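Peer 1: Here you go, this is upload_20.cif (mmCIF, N, CA and C atoms).
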data_upload
#
loop_
_atom_site.label_atom_id
_atom_site.label_comp_id
_atom_site.auth_asym_id
_atom_site.auth_seq_id
_atom_site.Cartn_x
_atom_site.Cartn_y
_atom_site.Cartn_z
N MET A 29 80.02 179.00 -40.00
CA MET A 29 81.09 179.90 -40.43
C MET A 29 80.53 181.27 -40.83
N THR A 30 79.42 181.26 -41.55
CA THR A 30 78.84 182.54 -41.98
C THR A 30 78.45 183.38 -40.77
N GLY A 31 77.98 182.72 -39.71
CA GLY A 31 77.61 183.45 -38.50
C GLY A 31 78.78 184.25 -37.96
N MET A 32 79.95 183.66 -37.98
CA MET A 32 81.15 184.34 -37.51
C MET A 32 81.42 185.60 -38.33
N ALA A 33 81.40 185.46 -39.63
CA ALA A 33 81.70 186.58 -40.52
C ALA A 33 80.71 187.72 -40.28
N ARG A 34 79.44 187.35 -40.15
CA ARG A 34 78.42 188.37 -39.96
C ARG A 34 78.62 189.11 -38.64
N ALA A 35 78.92 188.36 -37.60
CA ALA A 35 79.13 188.99 -36.29
C ALA A 35 80.28 190.00 -36.36
N ALA A 36 81.34 189.63 -37.06
CA ALA A 36 82.49 190.52 -37.18
C ALA A 36 82.09 191.82 -37.86
N THR A 37 81.28 191.70 -38.91
CA THR A 37 80.87 192.88 -39.66
C THR A 37 80.01 193.79 -38.82
N THR A 38 79.00 193.22 -38.21
CA THR A 38 78.01 194.06 -37.56
C THR A 38 78.48 194.62 -36.23
N SER A 39 79.46 193.95 -35.59
CA SER A 39 79.88 194.47 -34.28
C SER A 39 80.96 195.53 -34.43
N ASP A 40 81.42 195.77 -35.67
CA ASP A 40 82.54 196.66 -35.87
C ASP A 40 82.08 197.93 -36.58
N VAL A 41 82.20 199.05 -35.89
CA VAL A 41 81.76 200.32 -36.45
C VAL A 41 82.56 200.67 -37.70
N PHE A 42 83.83 200.27 -37.78
CA PHE A 42 84.66 200.55 -38.95
C PHE A 42 84.11 199.84 -40.18
N ASN A 43 83.71 198.58 -40.01
CA ASN A 43 83.12 197.84 -41.12
C ASN A 43 81.78 198.46 -41.51
N ALA A 44 81.02 198.89 -40.52
CA ALA A 44 79.71 199.47 -40.80
C ALA A 44 79.85 200.72 -41.67
N ILE A 45 80.82 201.57 -41.37
CA ILE A 45 80.94 202.83 -42.13
C ILE A 45 81.82 202.68 -43.37
N ALA A 46 82.36 201.48 -43.59
CA ALA A 46 83.14 201.25 -44.81
C ALA A 46 82.23 201.23 -46.04
N GLU A 47 80.95 200.99 -45.81
CA GLU A 47 79.97 200.88 -46.90
C GLU A 47 79.46 202.28 -47.26
N PRO A 48 79.68 202.73 -48.51
CA PRO A 48 79.34 204.11 -48.88
C PRO A 48 77.88 204.51 -48.63
N GLN A 49 76.94 203.59 -48.90
CA GLN A 49 75.53 203.96 -48.69
C GLN A 49 75.22 204.16 -47.21
N ARG A 50 75.90 203.39 -46.36
CA ARG A 50 75.69 203.59 -44.91
C ARG A 50 76.26 204.94 -44.48
N ARG A 51 77.38 205.34 -45.08
CA ARG A 51 77.92 206.67 -44.77
C ARG A 51 76.94 207.74 -45.22
N SER A 52 76.30 207.52 -46.38
CA SER A 52 75.31 208.48 -46.88
C SER A 52 74.13 208.60 -45.93
N ILE A 53 73.69 207.47 -45.39
CA ILE A 53 72.58 207.47 -44.43
C ILE A 53 72.97 208.30 -43.21
N LEU A 54 74.17 208.07 -42.68
CA LEU A 54 74.62 208.82 -41.52
C LEU A 54 74.69 210.32 -41.83
N ALA A 55 75.16 210.65 -43.03
CA ALA A 55 75.25 212.06 -43.42
C ALA A 55 73.86 212.70 -43.45
N LEU A 56 72.87 211.97 -43.97
CA LEU A 56 71.50 212.50 -44.02
C LEU A 56 70.93 212.68 -42.62
N LEU A 57 71.29 211.76 -41.72
CA LEU A 57 70.73 211.82 -40.36
C LEU A 57 71.36 212.93 -39.52
N ARG A 58 72.44 213.53 -40.01
CA ARG A 58 73.04 214.65 -39.27
C ARG A 58 72.07 215.80 -39.14
N THR A 59 71.15 215.94 -40.12
CA THR A 59 70.22 217.06 -40.08
C THR A 59 69.00 216.78 -39.22
N GLY A 60 68.86 215.54 -38.73
CA GLY A 60 67.73 215.22 -37.87
C GLY A 60 67.15 213.85 -38.19
N GLU A 61 66.14 213.48 -37.42
CA GLU A 61 65.52 212.15 -37.57
C GLU A 61 64.76 212.05 -38.88
N ARG A 62 64.78 210.85 -39.45
CA ARG A 62 64.04 210.61 -40.70
C ARG A 62 63.41 209.22 -40.67
N PRO A 63 62.23 209.08 -41.31
CA PRO A 63 61.67 207.73 -41.49
C PRO A 63 62.42 207.02 -42.61
N VAL A 64 62.37 205.71 -42.60
CA VAL A 64 63.11 204.91 -43.59
C VAL A 64 62.69 205.25 -45.02
N THR A 65 61.41 205.57 -45.23
CA THR A 65 60.93 205.90 -46.58
C THR A 65 61.67 207.12 -47.13
N ASP A 66 61.86 208.14 -46.30
CA ASP A 66 62.61 209.35 -46.67
C ASP A 66 64.04 209.01 -47.08
N LEU A 67 64.69 208.22 -46.23
CA LEU A 67 66.09 207.87 -46.47
C LEU A 67 66.23 207.09 -47.78
N ALA A 68 65.35 206.12 -47.97
CA ALA A 68 65.39 205.29 -49.17
C ALA A 68 65.20 206.17 -50.42
N GLN A 69 64.22 207.06 -50.35
CA GLN A 69 63.91 207.92 -51.50
C GLN A 69 65.10 208.82 -51.82
N GLU A 70 65.65 209.45 -50.80
CA GLU A 70 66.77 210.39 -50.97
C GLU A 70 68.00 209.69 -51.55
N LEU A 71 68.22 208.43 -51.18
CA LEU A 71 69.40 207.70 -51.64
C LEU A 71 69.12 206.88 -52.90
N GLY A 72 67.88 206.91 -53.37
CA GLY A 72 67.51 206.18 -54.57
C GLY A 72 67.66 204.67 -54.38
N MET A 73 67.29 204.19 -53.19
CA MET A 73 67.34 202.74 -52.96
C MET A 73 65.99 202.22 -52.53
N SER A 74 65.85 200.90 -52.51
CA SER A 74 64.59 200.31 -52.08
C SER A 74 64.47 200.45 -50.57
N GLN A 75 63.24 200.41 -50.08
CA GLN A 75 63.04 200.50 -48.63
C GLN A 75 63.66 199.30 -47.91
N PRO A 76 63.51 198.06 -48.43
CA PRO A 76 64.19 196.93 -47.77
C PRO A 76 65.71 197.11 -47.72
N GLY A 77 66.26 197.68 -48.79
CA GLY A 77 67.71 197.94 -48.84
C GLY A 77 68.13 198.92 -47.75
N ALA A 78 67.37 200.01 -47.64
CA ALA A 78 67.66 201.02 -46.62
C ALA A 78 67.50 200.42 -45.22
N SER A 79 66.46 199.63 -45.03
CA SER A 79 66.21 199.00 -43.73
C SER A 79 67.37 198.09 -43.32
N LYS A 80 67.92 197.38 -44.31
CA LYS A 80 69.04 196.47 -44.04
C LYS A 80 70.25 197.27 -43.54
N HIS A 81 70.55 198.37 -44.22
CA HIS A 81 71.67 199.23 -43.81
C HIS A 81 71.42 199.82 -42.42
N LEU A 82 70.18 200.24 -42.18
CA LEU A 82 69.85 200.83 -40.88
C LEU A 82 70.02 199.81 -39.75
N ARG A 83 69.69 198.54 -40.05
CA ARG A 83 69.84 197.50 -39.04
C ARG A 83 71.31 197.36 -38.63
N VAL A 84 72.19 197.36 -39.64
CA VAL A 84 73.63 197.25 -39.35
C VAL A 84 74.08 198.46 -38.53
N LEU A 85 73.63 199.64 -38.92
CA LEU A 85 74.02 200.87 -38.21
C LEU A 85 73.50 200.87 -36.77
N ARG A 86 72.32 200.28 -36.58
CA ARG A 86 71.77 200.17 -35.22
C ARG A 86 72.58 199.20 -34.38
N GLU A 87 72.98 198.08 -35.01
CA GLU A 87 73.71 197.04 -34.27
C GLU A 87 75.06 197.55 -33.76
N VAL A 88 75.67 198.48 -34.48
CA VAL A 88 76.96 199.01 -34.01
C VAL A 88 76.78 200.29 -33.19
N GLY A 89 75.53 200.68 -32.95
CA GLY A 89 75.25 201.82 -32.07
C GLY A 89 75.39 203.18 -32.73
N LEU A 90 75.27 203.25 -34.05
CA LEU A 90 75.38 204.54 -34.74
C LEU A 90 74.02 205.18 -35.00
N VAL A 91 72.97 204.36 -34.94
CA VAL A 91 71.63 204.85 -35.23
C VAL A 91 70.68 204.34 -34.16
N ARG A 92 69.76 205.21 -33.75
CA ARG A 92 68.72 204.77 -32.81
C ARG A 92 67.37 204.99 -33.50
N VAL A 93 66.37 204.29 -32.97
CA VAL A 93 65.05 204.40 -33.60
C VAL A 93 64.03 204.71 -32.52
N ARG A 94 63.05 205.53 -32.85
CA ARG A 94 61.96 205.77 -31.89
C ARG A 94 60.63 205.77 -32.62
N GLU A 95 59.63 205.30 -31.90
CA GLU A 95 58.28 205.23 -32.46
C GLU A 95 57.64 206.60 -32.30
N ALA A 96 57.08 207.11 -33.40
CA ALA A 96 56.33 208.37 -33.33
C ALA A 96 55.01 208.12 -34.05
N GLY A 97 53.96 207.80 -33.29
CA GLY A 97 52.69 207.40 -33.88
C GLY A 97 52.89 206.11 -34.66
N LYS A 98 52.52 206.14 -35.93
CA LYS A 98 52.68 204.94 -36.76
C LYS A 98 54.09 204.86 -37.37
N GLN A 99 54.83 205.95 -37.27
CA GLN A 99 56.14 206.00 -37.90
C GLN A 99 57.27 205.57 -36.98
N ARG A 100 58.31 205.03 -37.58
CA ARG A 100 59.55 204.76 -36.84
C ARG A 100 60.58 205.75 -37.37
N LEU A 101 61.09 206.58 -36.48
CA LEU A 101 62.05 207.60 -36.88
C LEU A 101 63.46 207.16 -36.51
N TYR A 102 64.36 207.25 -37.49
CA TYR A 102 65.75 206.89 -37.27
C TYR A 102 66.56 208.15 -37.01
N GLY A 103 67.42 208.08 -36.03
CA GLY A 103 68.23 209.23 -35.68
C GLY A 103 69.68 208.81 -35.47
N LEU A 104 70.55 209.78 -35.59
CA LEU A 104 71.98 209.55 -35.44
C LEU A 104 72.32 209.41 -33.95
N ASP A 105 73.15 208.43 -33.63
CA ASP A 105 73.71 208.35 -32.28
C ASP A 105 75.22 208.42 -32.44
N ALA A 106 75.72 209.65 -32.44
CA ALA A 106 77.13 209.90 -32.78
C ALA A 106 78.10 209.29 -31.77
N ARG A 107 77.59 208.91 -30.59
CA ARG A 107 78.49 208.29 -29.59
C ARG A 107 79.13 207.03 -30.15
N GLY A 108 78.39 206.37 -31.06
CA GLY A 108 78.91 205.16 -31.68
C GLY A 108 80.17 205.41 -32.51
N LEU A 109 80.38 206.67 -32.87
CA LEU A 109 81.54 207.02 -33.69
C LEU A 109 82.81 207.23 -32.85
N ARG A 110 82.67 207.12 -31.53
CA ARG A 110 83.84 207.40 -30.68
C ARG A 110 85.08 206.59 -31.06
N PRO A 111 84.95 205.25 -31.30
CA PRO A 111 86.16 204.49 -31.67
C PRO A 111 86.82 205.03 -32.93
N VAL A 112 86.01 205.49 -33.88
CA VAL A 112 86.54 206.03 -35.13
C VAL A 112 87.25 207.36 -34.84
N HIS A 113 86.60 208.18 -34.05
CA HIS A 113 87.15 209.49 -33.69
C HIS A 113 88.49 209.32 -32.97
N GLU A 114 88.53 208.37 -32.04
CA GLU A 114 89.76 208.14 -31.29
C GLU A 114 90.87 207.62 -32.20
N TRP A 115 90.50 206.74 -33.13
CA TRP A 115 91.50 206.19 -34.04
C TRP A 115 92.06 207.29 -34.94
N VAL A 116 91.16 208.10 -35.50
CA VAL A 116 91.60 209.18 -36.38
C VAL A 116 92.42 210.19 -35.58
N GLY A 117 92.03 210.41 -34.32
CA GLY A 117 92.75 211.35 -33.47
C GLY A 117 94.22 210.99 -33.31
N GLY A 118 94.52 209.71 -33.41
CA GLY A 118 95.90 209.26 -33.30
C GLY A 118 96.78 209.78 -34.42
N PHE A 119 96.14 210.30 -35.49
CA PHE A 119 96.89 210.82 -36.63
C PHE A 119 96.95 212.34 -36.63
N GLU A 120 96.36 212.95 -35.59
CA GLU A 120 96.25 214.40 -35.56
C GLU A 120 97.61 215.08 -35.65
N GLN A 121 98.57 214.52 -34.93
CA GLN A 121 99.91 215.10 -34.91
C GLN A 121 100.49 215.14 -36.33
N PHE A 122 100.26 214.06 -37.06
CA PHE A 122 100.73 213.96 -38.44
C PHE A 122 100.11 215.06 -39.29
N TRP A 123 98.77 215.24 -39.15
CA TRP A 123 98.10 216.28 -39.94
C TRP A 123 98.64 217.64 -39.58
N THR A 124 98.74 217.92 -38.29
CA THR A 124 99.19 219.23 -37.82
C THR A 124 100.56 219.54 -38.38
N GLU A 125 101.47 218.55 -38.30
CA GLU A 125 102.82 218.76 -38.83
C GLU A 125 102.78 219.01 -40.33
N SER A 126 101.93 218.24 -41.05
CA SER A 126 101.83 218.42 -42.50
C SER A 126 101.33 219.82 -42.83
N PHE A 127 100.32 220.30 -42.08
CA PHE A 127 99.77 221.62 -42.35
C PHE A 127 100.78 222.71 -42.00
N ASP A 128 101.53 222.51 -40.92
CA ASP A 128 102.57 223.48 -40.55
C ASP A 128 103.59 223.61 -41.67
N ARG A 129 103.99 222.44 -42.21
CA ARG A 129 104.97 222.45 -43.31
C ARG A 129 104.40 223.15 -44.53
N LEU A 130 103.12 222.90 -44.80
CA LEU A 130 102.45 223.52 -45.93
C LEU A 130 102.43 225.04 -45.76
N ASP A 131 102.13 225.46 -44.54
CA ASP A 131 102.06 226.89 -44.23
C ASP A 131 103.40 227.57 -44.48
N VAL A 132 104.47 226.93 -44.01
CA VAL A 132 105.82 227.47 -44.21
C VAL A 132 106.11 227.59 -45.71
N TYR A 133 105.72 226.56 -46.44
CA TYR A 133 105.94 226.53 -47.89
C TYR A 133 105.20 227.68 -48.58
N VAL A 134 103.93 227.88 -48.18
CA VAL A 134 103.11 228.94 -48.78
C VAL A 134 103.71 230.31 -48.47
N GLN A 135 104.17 230.50 -47.23
CA GLN A 135 104.79 231.77 -46.84
C GLN A 135 106.04 232.03 -47.67
N ASP A 136 106.86 231.00 -47.85
CA ASP A 136 108.08 231.11 -48.66
C ASP A 136 107.72 231.49 -50.10
N LEU A 137 106.68 230.85 -50.60
CA LEU A 137 106.22 231.10 -51.97
C LEU A 137 105.81 232.56 -52.13
N LYS A 138 105.06 233.07 -51.16
CA LYS A 138 104.59 234.47 -51.21
C LYS A 138 105.79 235.43 -51.21
N ARG A 139 106.76 235.12 -50.31
CA ARG A 139 107.96 235.96 -50.23
C ARG A 139 108.70 235.98 -51.56
N THR A 140 108.85 234.81 -52.17
CA THR A 140 109.56 234.69 -53.44
C THR A 140 108.86 235.52 -54.52
N GLN A 141 107.51 235.46 -54.53
CA GLN A 141 106.75 236.19 -55.53
C GLN A 141 106.90 237.69 -55.33
N GLN A 142 106.93 238.12 -54.06
CA GLN A 142 107.06 239.54 -53.77
C GLN A 142 108.43 240.07 -54.20
N GLU A 143 109.44 239.20 -54.11
CA GLU A 143 110.80 239.62 -54.46
C GLU A 143 110.96 239.77 -55.97
N ASP A 144 110.13 239.02 -56.73
CA ASP A 144 110.27 239.10 -58.21
C ASP A 144 109.90 240.47 -58.75
#
For this file, produce the structure as structure tokens.
Peer 2:
Amino acid sequence: MTGMARAATTSDVFNAIAEPQRRSILALLRTGERPVTDLAQELGMSQPGASKHLRVLREVGLVRVREAGKQRLYGLDARGLRPVHEWVGGFEQFWTESFDRLDVYVQDLKRTQQED
């Protein structure tokens, strides 16, 4: 049974990024490749802890690793975020409409203030 639960977690990019520390790792990797020691230090976590998060991120295709001499460098593979991007994109119309309404409201507010 535990095998099932684990598979669900690791194969799902949404579950992977639901964890705040994993989101922090991805945010750090936006600036470029980093060794696990760097990531652990920056996030104030143990190296085994960081490695565990990186493994999950690799399994869902958000992080890739390459050997550079003795070091293993972790890098962002943003293609893994496509399902998230597509899902969020489905709400774009809602955001656009909300911002349009906000804009109209702000314009009305400015006009009212000018009339005072």
Peer 1: I need the residue set behind the PyMOL selection byres ((chain A and resi 64-66) around 7) for this file; please write it as a PyMOL selection string.
Peer 2: chain A and resi 62-63+67-71+75+78-79+100-102
Peer 1: Between CA of Gly108 in chain A and atom N of Leu57 in chain A, measure the distance and give it in Å to one decimal.
Peer 2: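 Separating CA of Gly108 in chain A from atom N of Leu57 in chain A is a distance of 14.2 Å.
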Peer 1: What does the distance between atom C of Val112 in chain A and atom N of Arg129 in chain A come to in Å, to one decimal place?
Peer 2: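 Atom-to-atom, atom C of Val112 in chain A to atom N of Arg129 in chain A, that is 23.7 Å.
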Peer 1: Going by the chain IDs and residue numbers used in this file, which residues fall under the PyMOL selection byres (((chain A and resi 80 and name CA) around 12) and name CA)? Write them as a VMD selection string.
Peer 2: chain A and resid 38 44 49 to 50 53 64 68 73 to 79 81 to 87
Peer 1: Mind pulling up the distance from CA of Leu104 in chain A to CA of Leu54 in chain A?
Peer 2: 6.7 Å
Peer 1: As a compact mmCIF listing (two decimals) with N, CA and C atoms, in the coordinates of the input, please: all residues of chain A that backbone DSSP puts in alpha helix (DSSP H).
Peer 2:
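Resulting contents of states05.txt:
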# COMPACT_ATOMS: atom_id res chain seq x y z
N THR A 30 79.42 181.26 -41.55
CA THR A 30 78.84 182.54 -41.98
C THR A 30 78.45 183.38 -40.77
N GLY A 31 77.98 182.72 -39.71
CA GLY A 31 77.61 183.45 -38.50
C GLY A 31 78.78 184.25 -37.96
N MET A 32 79.95 183.66 -37.98
CA MET A 32 81.15 184.34 -37.51
C MET A 32 81.42 185.60 -38.33
N ALA A 33 81.40 185.46 -39.63
CA ALA A 33 81.70 186.58 -40.52
C ALA A 33 80.71 187.72 -40.28
N ARG A 34 79.44 187.35 -40.15
CA ARG A 34 78.42 188.37 -39.96
C ARG A 34 78.62 189.11 -38.64
N ALA A 35 78.92 188.36 -37.60
CA ALA A 35 79.13 188.99 -36.29
C ALA A 35 80.28 190.00 -36.36
N ALA A 36 81.34 189.63 -37.06
CA ALA A 36 82.49 190.52 -37.18
C ALA A 36 82.09 191.82 -37.86
N THR A 37 81.28 191.70 -38.91
CA THR A 37 80.87 192.88 -39.66
C THR A 37 80.01 193.79 -38.82
N THR A 38 79.00 193.22 -38.21
CA THR A 38 78.01 194.06 -37.56
C THR A 38 78.48 194.62 -36.23
N SER A 39 79.46 193.95 -35.59
CA SER A 39 79.88 194.47 -34.28
C SER A 39 80.96 195.53 -34.43
N VAL A 41 82.20 199.05 -35.89
CA VAL A 41 81.76 200.32 -36.45
C VAL A 41 82.56 200.67 -37.70
N PHE A 42 83.83 200.27 -37.78
CA PHE A 42 84.66 200.55 -38.95
C PHE A 42 84.11 199.84 -40.18
N ASN A 43 83.71 198.58 -40.01
CA ASN A 43 83.12 197.84 -41.12
C ASN A 43 81.78 198.46 -41.51
N ALA A 44 81.02 198.89 -40.52
CA ALA A 44 79.71 199.47 -40.80
C ALA A 44 79.85 200.72 -41.67
N ILE A 45 80.82 201.57 -41.37
CA ILE A 45 80.94 202.83 -42.13
C ILE A 45 81.82 202.68 -43.37
N ALA A 46 82.36 201.48 -43.59
CA ALA A 46 83.14 201.25 -44.81
C ALA A 46 82.23 201.23 -46.04
N PRO A 48 79.68 202.73 -48.51
CA PRO A 48 79.34 204.11 -48.88
C PRO A 48 77.88 204.51 -48.63
N GLN A 49 76.94 203.59 -48.90
CA GLN A 49 75.53 203.96 -48.69
C GLN A 49 75.22 204.16 -47.21
N ARG A 50 75.90 203.39 -46.36
CA ARG A 50 75.69 203.59 -44.91
C ARG A 50 76.26 204.94 -44.48
N ARG A 51 77.38 205.34 -45.08
CA ARG A 51 77.92 206.67 -44.77
C ARG A 51 76.94 207.74 -45.22
N SER A 52 76.30 207.52 -46.38
CA SER A 52 75.31 208.48 -46.88
C SER A 52 74.13 208.60 -45.93
N ILE A 53 73.69 207.47 -45.39
CA ILE A 53 72.58 207.47 -44.43
C ILE A 53 72.97 208.30 -43.21
N LEU A 54 74.17 208.07 -42.68
CA LEU A 54 74.62 208.82 -41.52
C LEU A 54 74.69 210.32 -41.83
N ALA A 55 75.16 210.65 -43.03
CA ALA A 55 75.25 212.06 -43.42
C ALA A 55 73.86 212.70 -43.45
N LEU A 56 72.87 211.97 -43.97
CA LEU A 56 71.50 212.50 -44.02
C LEU A 56 70.93 212.68 -42.62
N LEU A 57 71.29 211.76 -41.72
CA LEU A 57 70.73 211.82 -40.36
C LEU A 57 71.36 212.93 -39.52
N VAL A 64 62.37 205.71 -42.60
CA VAL A 64 63.11 204.91 -43.59
C VAL A 64 62.69 205.25 -45.02
N THR A 65 61.41 205.57 -45.23
CA THR A 65 60.93 205.90 -46.58
C THR A 65 61.67 207.12 -47.13
N ASP A 66 61.86 208.14 -46.30
CA ASP A 66 62.61 209.35 -46.67
C ASP A 66 64.04 209.01 -47.08
N LEU A 67 64.69 208.22 -46.23
CA LEU A 67 66.09 207.87 -46.47
C LEU A 67 66.23 207.09 -47.78
N ALA A 68 65.35 206.12 -47.97
CA ALA A 68 65.39 205.29 -49.17
C ALA A 68 65.20 206.17 -50.42
N GLN A 69 64.22 207.06 -50.35
CA GLN A 69 63.91 207.92 -51.50
C GLN A 69 65.10 208.82 -51.82
N GLU A 70 65.65 209.45 -50.80
CA GLU A 70 66.77 210.39 -50.97
C GLU A 70 68.00 209.69 -51.55
N LEU A 71 68.22 208.43 -51.18
CA LEU A 71 69.40 207.70 -51.64
C LEU A 71 69.12 206.88 -52.90
N GLN A 75 63.24 200.41 -50.08
CA GLN A 75 63.04 200.50 -48.63
C GLN A 75 63.66 199.30 -47.91
N PRO A 76 63.51 198.06 -48.43
CA PRO A 76 64.19 196.93 -47.77
C PRO A 76 65.71 197.11 -47.72
N GLY A 77 66.26 197.68 -48.79
CA GLY A 77 67.71 197.94 -48.84
C GLY A 77 68.13 198.92 -47.75
N ALA A 78 67.37 200.01 -47.64
CA ALA A 78 67.66 201.02 -46.62
C ALA A 78 67.50 200.42 -45.22
N SER A 79 66.46 199.63 -45.03
CA SER A 79 66.21 199.00 -43.73
C SER A 79 67.37 198.09 -43.32
N LYS A 80 67.92 197.38 -44.31
CA LYS A 80 69.04 196.47 -44.04
C LYS A 80 70.25 197.27 -43.54
N HIS A 81 70.55 198.37 -44.22
CA HIS A 81 71.67 199.23 -43.81
C HIS A 81 71.42 199.82 -42.42
N LEU A 82 70.18 200.24 -42.18
CA LEU A 82 69.85 200.83 -40.88
C LEU A 82 70.02 199.81 -39.75
N ARG A 83 69.69 198.54 -40.05
CA ARG A 83 69.84 197.50 -39.04
C ARG A 83 71.31 197.36 -38.63
N VAL A 84 72.19 197.36 -39.64
CA VAL A 84 73.63 197.25 -39.35
C VAL A 84 74.08 198.46 -38.53
N LEU A 85 73.63 199.64 -38.92
CA LEU A 85 74.02 200.87 -38.21
C LEU A 85 73.50 200.87 -36.77
N ARG A 86 72.32 200.28 -36.58
CA ARG A 86 71.77 200.17 -35.22
C ARG A 86 72.58 199.20 -34.38
N GLU A 87 72.98 198.08 -35.01
CA GLU A 87 73.71 197.04 -34.27
C GLU A 87 75.06 197.55 -33.76
N ARG A 110 82.67 207.12 -31.53
CA ARG A 110 83.84 207.40 -30.68
C ARG A 110 85.08 206.59 -31.06
N PRO A 111 84.95 205.25 -31.30
CA PRO A 111 86.16 204.49 -31.67
C PRO A 111 86.82 205.03 -32.93
N VAL A 112 86.01 205.49 -33.88
CA VAL A 112 86.54 206.03 -35.13
C VAL A 112 87.25 207.36 -34.84
N HIS A 113 86.60 208.18 -34.05
CA HIS A 113 87.15 209.49 -33.69
C HIS A 113 88.49 209.32 -32.97
N GLU A 114 88.53 208.37 -32.04
CA GLU A 114 89.76 208.14 -31.29
C GLU A 114 90.87 207.62 -32.20
N TRP A 115 90.50 206.74 -33.13
CA TRP A 115 91.50 206.19 -34.04
C TRP A 115 92.06 207.29 -34.94
N VAL A 116 91.16 208.10 -35.50
CA VAL A 116 91.60 209.18 -36.38
C VAL A 116 92.42 210.19 -35.58
N GLY A 117 92.03 210.41 -34.32
CA GLY A 117 92.75 211.35 -33.47
C GLY A 117 94.22 210.99 -33.31
N GLU A 120 96.36 212.95 -35.59
CA GLU A 120 96.25 214.40 -35.56
C GLU A 120 97.61 215.08 -35.65
N GLN A 121 98.57 214.52 -34.93
CA GLN A 121 99.91 215.10 -34.91
C GLN A 121 100.49 215.14 -36.33
N PHE A 122 100.26 214.06 -37.06
CA PHE A 122 100.73 213.96 -38.44
C PHE A 122 100.11 215.06 -39.29
N TRP A 123 98.77 215.24 -39.15
CA TRP A 123 98.10 216.28 -39.94
C TRP A 123 98.64 217.64 -39.58
N THR A 124 98.74 217.92 -38.29
CA THR A 124 99.19 219.23 -37.82
C THR A 124 100.56 219.54 -38.38
N GLU A 125 101.47 218.55 -38.30
CA GLU A 125 102.82 218.76 -38.83
C GLU A 125 102.78 219.01 -40.33
N SER A 126 101.93 218.24 -41.05
CA SER A 126 101.83 218.42 -42.50
C SER A 126 101.33 219.82 -42.83
N PHE A 127 100.32 220.30 -42.08
CA PHE A 127 99.77 221.62 -42.35
C PHE A 127 100.78 222.71 -42.00
N ASP A 128 101.53 222.51 -40.92
CA ASP A 128 102.57 223.48 -40.55
C ASP A 128 103.59 223.61 -41.67
N ARG A 129 103.99 222.44 -42.21
CA ARG A 129 104.97 222.45 -43.31
C ARG A 129 104.40 223.15 -44.53
N LEU A 130 103.12 222.90 -44.80
CA LEU A 130 102.45 223.52 -45.93
C LEU A 130 102.43 225.04 -45.76
N ASP A 131 102.13 225.46 -44.54
CA ASP A 131 102.06 226.89 -44.23
C ASP A 131 103.40 227.57 -44.48
N VAL A 132 104.47 226.93 -44.01
CA VAL A 132 105.82 227.47 -44.21
C VAL A 132 106.11 227.59 -45.71
N TYR A 133 105.72 226.56 -46.44
CA TYR A 133 105.94 226.53 -47.89
C TYR A 133 105.20 227.68 -48.58
N VAL A 134 103.93 227.88 -48.18
CA VAL A 134 103.11 228.94 -48.78
C VAL A 134 103.71 230.31 -48.47
N GLN A 135 104.17 230.50 -47.23
CA GLN A 135 104.79 231.77 -46.84
C GLN A 135 106.04 232.03 -47.67
N ASP A 136 106.86 231.00 -47.85
CA ASP A 136 108.08 231.11 -48.66
C ASP A 136 107.72 231.49 -50.10
N LEU A 137 106.68 230.85 -50.60
CA LEU A 137 106.22 231.10 -51.97
C LEU A 137 105.81 232.56 -52.13
N LYS A 138 105.06 233.07 -51.16
CA LYS A 138 104.59 234.47 -51.21
C LYS A 138 105.79 235.43 -51.21
N ARG A 139 106.76 235.12 -50.31
CA ARG A 139 107.96 235.96 -50.23
C ARG A 139 108.70 235.98 -51.56
N THR A 140 108.85 234.81 -52.17
CA THR A 140 109.56 234.69 -53.44
C THR A 140 108.86 235.52 -54.52
N GLN A 141 107.51 235.46 -54.53
CA GLN A 141 106.75 236.19 -55.53
C GLN A 141 106.90 237.69 -55.33
N GLN A 142 106.93 238.12 -54.06
CA GLN A 142 107.06 239.54 -53.77
C GLN A 142 108.43 240.07 -54.20
N GLU A 143 109.44 239.20 -54.11
CA GLU A 143 110.80 239.62 -54.46
C GLU A 143 110.96 239.77 -55.97
Peer 1: DSSP on the backbone: which residues in chain A end up as strand (DSSP E)? Give the answer as a list in words.
Peer 2: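 Matching residues, listed in order: Arg62, Pro63, Val91, Arg92, Val93, Arg94, Glu95, Ala96, Gln99, Arg100, Leu101, Tyr102, Gly103 and Leu104 of chain A.
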Peer 1: Mind giving me the axis-aligned box for range 112-118 of chain A with 3 Å on every side, centre plus edges in Å to one decimal, as lines of an AutoDock Vina configuration file?
Peer 2:
center_x = 91.4
center_y = 208.4
center_z = -33.8
size_x = 16.8
size_y = 11.9
size_z = 11.1
Peer 1: So, with only N, CA and C atoms as the atoms that count, which of A:Val134, A:Leu109, A:Val116, A:Ala46 lies closest to Gly89 in chain A?
Peer 2: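 Among A:Val134, A:Leu109, A:Val116, A:Ala46, it is A:Leu109 that comes nearest to Gly89 in chain A.
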